[in-house]
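Input: a single structure, listed below in structure tokens.
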Amino acid sequence: MVATETVKPVSVPGAEGTASAPGTAPSRLRRFGRAVLPGPAPGANGAALYRRWWLPWLWTAPAIVCAVVFGVFPFLNTVLLSFTDAKPLGGAASFVGLDNYTRMLGDSDFWLATRNSILYAIVVVPLMVLLPLMLAVLVEKNLPGIGFFRSAFYTPVLASSVVVGLSWQWLLADDGLVNTWLEKAHLIRSAVPFLSDSWLILFSAMGLTLWKGLGWYMIFYLAALGNVPKELHEAAQMDGAGTVRRFWHITMPGVRQAMMLVGTLTGIGSLRVFTEIYMLGSSTGGPGGADRTLPFYIRDVGLDPLTGNAGYGSAVSVALFALTLGLTLLAQRLTKEDEA
Amino acid sequence: MTTAVEKPRRLLPRWRDYGRPRELVVRYLLLLFVLGITVGPLVWQFLASLKGVGEDVFGRNASLLPHHPTLRAYRQVFDQVPVATYIRNSVIVVVLSIASQLLFSTTAGYMLSKPGWKGRKAVWVVLVASMMFPFESIMVSLFLSIRDLGLVDDLAGVWLPGFVGAINVLLMRGAFLAVPREIEDSAMLDGANEWQRFRHLYLPSAWGAIMVVTINTFISAWDDFLWPLIVLRSESHMTLTLGLSRLQSSSFGYDQRVVMAGSVISVVPVLVLFVITQRWFYRGVSAGAVKL
């Protein structure tokens with residue numbers, strides 16, 4: 001799960017002598033030394049190692065503060081705020097009970113944003129689970145120049161969504177590269193309105209998300225593919241199983257767990273989409289805001305300096321959190337059933 | 001010590017060692033196809049930024065390669081928009097973030113990897129809990145906090161909420177746990193104090209995780225968009241991504257070559273970092289799975 005490094009013997013300046021290499025038998029000196037130490041070996045069975053009890057707290061304080069002040073507290077505060085009519089720029093806030101939630105249930109724009117977010121997940125998750133896996137299978141074999149291809153496929157991950165959005169905007173414009181090519185190939189007569197039709201904007205944004213995520217999950221799968229036994233593939237090949245059948249019957253079952261994880265991660269990621277819509281559908285989120293996702297809607301209703309209502313924005317935030325939580329629980333359940 | 005052990009001569013593998021010719025051709029065709037899809041738009045963007053005024057960027061008459069490559073667009077992007085200011089602001093946020101992330105994630109991760117103090121389980125629970133909430137679902141409340149601190153339209157407000165990430169603390173903790181105990185025991189006998197052991201023994205051993213934290217922090221701070229968009233207001237405080245987003249076709253009729261030049265400027269630092277430190281990047285991917 002975490003990068004583990006091979007540990008080299010390290011000399012410690014400021015202390016005499018050098019540490020012994022890991023794995024070597026304890027030297028005589030050390031055995032002797034431990035015997036004269038007062039009390040049990042330091043840290044063994046959780047005995048008090050720190051005479052100054054506050055020392056560990058001092059070292060961990062910044063992380064605790066950050067997690068509480070900018071993680072746990074904002075969530076609790078969001079729940080509280082959702083029962084008020086707080087304004088983003090300050091001023092007195094009053095308790096309004098469940099008003100925000102009743103307003104939300106009757107708000108067609110909220111439901112539109114929810115639909116967009118869920119649709120996003122429904123389209124993106126299966127593609128993001130499968131396409132990078134196929135890509136990983138393609139670059140798995142060590143061929144001449146494969147390192148270059150792997151790195152190249154990873155580059156879209158590095159660019160920010162804003163930059164990618166800018167270039168896609170020009171690619172998908174009415175007189176952009178894609179439309180020009182399609183016209184030259186006589187596949188279309190007039191330009192496809194990728195950036196003005198609300199459905200096409202949504203699907204273009206999904207395409208952008210996929211394009212940017214391919215390389216990331218490809219690398220993710222490459223690690224998992226290493227665990228699929230090579231012998232199975234060879235045996236199947238002997239028996240005359242083609243590439244497709246081997247992918248379906250050997251590769252996919254072999255990386256099931258990784259696929260579940262990618263599905264969960266991309267599902268949560270889809271609910272968080274903002275920049276893609278902002279860049280392709282402009283700052284309004286598509287014509288008349290028709291392409292707004294939940295984060296987009298939260299920003300619109302909750303954080304607008306003039307018309308914003310942080311209370312209502314918080315209620316929508318709670319809905320977004322509930323959706324994320326539901327998705328996570330669903331994924332956990334599926335994983336458990338899968339293992340059973 | 002020089003022993004004259006002659007290495008067995010390595011013959012270059014022949015093409016047919018890699019598989020049947022037909023399969024090879026299909027594989028390379030597929031690889032090139034995906035290459036066109038993934039890198040094509042970025043390359044096209046770069047080439048477009050080199051085009052002169054007389055050349056079409058797109059449309060029926062546009063060619064892929066610029067006939068008369070020029071850096072005019074790069075000069076213009078600095079003239080038309082305060083790119084230098086944007087870059088400076090992004091650098092400030094990135095440097096602040098990396099410094100605080102590294103300092104606090106290593107110290108906290110180190111202590112969490114140590115047994116022998118009460119409360120470490122509780123700290124761990126708080127850290128994990130803080131990762132459960134997607135940023136988008138707490139950003140309204142976060143903004144109100146930043147407002148109360150008087151940091152709206154301030155780069156410090158962009159940096160502060162992420163000054164140390166729980167994910168990085170857990171990452172460092174894992175790396176420190178992998179350090180064998182024997183080394184530390186002997187260092188203790190030699191009289192090294194806590195700070196010395198941390199500084200000279202643990203930190204060098206966790207080099208890989210430190211690189212992952214640095215790179216991840218760099219990319220997320222450099223590419224971040226939504227939070228700077230919420231916090232920052234005035235042009236002189238904008239970060240690079242925020243400034244570039246205003247070059248959208250719908251808002252201003254900017255010259256596409258200039259917009260592309262701006263994009264290239266934003267991608268290059270990350271690309272350079274990637275080329276230098278590639279393998280750590282890939283490690284960061286599997287580390288990201290801990291995010292769950």
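Chain lettering (A, B, ...) mirrors the order of the structure tokens, residue numbering begins at 1 for each chain separately, and ligand numbering begins at 1 in order of display.
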
Neighbours of Ile215 (chain B) within 10 Å (only C-alpha atoms; same-chain residues fewer than 4 positions away dropped), as a list in words?
->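 So the residues in contact are Ile98, Ala209, Ile210, Met211, Ile219, Ser220, Ala221, Val270, Leu273, Phe274, Thr277, Trp280, Phe281 and Gly284 of chain B.
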
Residues near Met131 (chain B), cut-off 10 Å, only C-alpha atoms, skip fewer than 4 positions along chain, as a list in words |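 Neighbouring residues, sequence-local ones excluded: Ala67, Gly71 and Val72 of chain A; Val126, Leu127, Phe135, Gly165, Ala166, Ile167, Lys291 and Leu292 of chain B.
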
File of the preceding selection, C-alpha atoms, as a PDB file, in the first residue's frame:
ATOM      1  CA  ALA A  67      -7.649  17.441  10.240  1.00  0.00           C
ATOM      2  CA  GLY A  71     -11.777  18.388   7.856  1.00  0.00           C
ATOM      3  CA  VAL A  72     -14.029  17.253  10.668  1.00  0.00           C
TER       4      VAL A  72
ATOM      5  CA  VAL B 126      -9.335  11.694  13.611  1.00  0.00           C
ATOM      6  CA  LEU B 127      -7.027  11.688  10.594  1.00  0.00           C
ATOM      7  CA  PHE B 135     -13.785  18.629  -0.457  1.00  0.00           C
ATOM      8  CA  GLY B 165      -3.003  16.310   4.399  1.00  0.00           C
ATOM      9  CA  ALA B 166      -4.048  13.302   6.454  1.00  0.00           C
ATOM     10  CA  ILE B 167      -3.321  11.070   3.475  1.00  0.00           C
ATOM     11  CA  LYS B 291      -7.369   7.723  -0.253  1.00  0.00           C
ATOM     12  CA  LEU B 292     -10.372   5.490   0.276  1.00  0.00           C
TER      13      LEU B 292
END

Give me the residues within 8 Å of Ser236 (chain B) as a ChimeraX atom specification, counting only C-alpha atoms and dropping any in the same chain fewer than 3 places off.
-> /B:82,85-86

Nearby residues (only C-alpha atoms) at most 12 Å from Asp300 (chain A), same-chain spacing under 5 positions excluded, as a ChimeraX atom specification | /A:88,109-110,113,274,278,283-285,289,292-295,305-310,312-314,316-317 /B:140,230

Please produce an output containing C-alpha atoms for each residue in the selection, written as a PDB file, in the first residue's frame.
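Final output, saved to again-v4.pdb:
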ATOM      1  CA  PRO A  88     -21.412  33.745   2.287  1.00  0.00           C
ATOM      2  CA  ASP A 109     -32.346  22.793 -10.634  1.00  0.00           C
ATOM      3  CA  PHE A 110     -31.137  20.703  -7.709  1.00  0.00           C
ATOM      4  CA  ALA A 113     -27.677  18.735 -10.970  1.00  0.00           C
ATOM      5  CA  PHE A 274     -16.547  20.592 -11.576  1.00  0.00           C
ATOM      6  CA  TYR A 278     -16.777  24.861 -16.133  1.00  0.00           C
ATOM      7  CA  SER A 283     -18.879  29.554 -16.191  1.00  0.00           C
ATOM      8  CA  THR A 284     -22.667  29.212 -16.319  1.00  0.00           C
ATOM      9  CA  GLY A 285     -22.432  25.427 -16.544  1.00  0.00           C
ATOM     10  CA  GLY A 289     -26.991  25.967 -16.250  1.00  0.00           C
ATOM     11  CA  ARG A 292     -24.319  21.858 -13.700  1.00  0.00           C
ATOM     12  CA  THR A 293     -23.191  19.031 -11.466  1.00  0.00           C
ATOM     13  CA  LEU A 294     -23.752  19.016  -7.703  1.00  0.00           C
ATOM     14  CA  PRO A 295     -20.440  20.727  -6.796  1.00  0.00           C
ATOM     15  CA  PRO A 305     -21.163  36.847  -3.130  1.00  0.00           C
ATOM     16  CA  LEU A 306     -24.398  38.637  -4.003  1.00  0.00           C
ATOM     17  CA  THR A 307     -27.198  36.104  -4.209  1.00  0.00           C
ATOM     18  CA  GLY A 308     -25.609  33.167  -2.391  1.00  0.00           C
ATOM     19  CA  ASN A 309     -27.198  31.432   0.561  1.00  0.00           C
ATOM     20  CA  ALA A 310     -24.580  29.444   2.452  1.00  0.00           C
ATOM     21  CA  TYR A 312     -28.986  26.366   1.256  1.00  0.00           C
ATOM     22  CA  GLY A 313     -25.587  25.561  -0.240  1.00  0.00           C
ATOM     23  CA  SER A 314     -24.847  23.532   2.885  1.00  0.00           C
ATOM     24  CA  VAL A 316     -27.060  20.635  -1.034  1.00  0.00           C
ATOM     25  CA  SER A 317     -23.597  19.777   0.320  1.00  0.00           C
TER      26      SER A 317
ATOM     27  CA  VAL B 140     -19.080  26.189   1.785  1.00  0.00           C
ATOM     28  CA  ILE B 230     -13.721  30.391  -4.626  1.00  0.00           C
TER      29      ILE B 230
END

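When only C-alpha atoms are used to compute distances to Leu105 (chain A), the closest of the residues A:Leu325, A:Met218, A:Ala331, A:Ala319 turns out to be A:Ala319.
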
Mind pulling up the distance from CA of Asp255 (chain B) to CA of Ser190 (chain A)?
-> 24.4 Å

Shell around Arg246 (chain A) at 9 Å using only C-alpha atoms, local window under 4 positions removed, as a list in words = His233, Ala236, Gln237, Ala241, Gly242, Ile250, Thr251 and Met252 of chain A

For the residues in the current selection, export C-alpha atoms as a compact mmCIF listing (two decimals), in the first residue's frame.
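Generated file (part16.txt):
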# COMPACT_ATOMS: atom_id res chain seq x y z
CA HIS A 233 -2.16 -17.20 -20.12
CA ALA A 236 -4.91 -20.88 -22.41
CA GLN A 237 -2.97 -19.84 -25.47
CA ALA A 241 -7.94 -19.17 -26.60
CA GLY A 242 -7.77 -15.84 -28.40
CA ILE A 250 -8.11 -14.82 -17.17
CA THR A 251 -7.16 -11.16 -16.95
CA MET A 252 -10.45 -9.80 -15.64
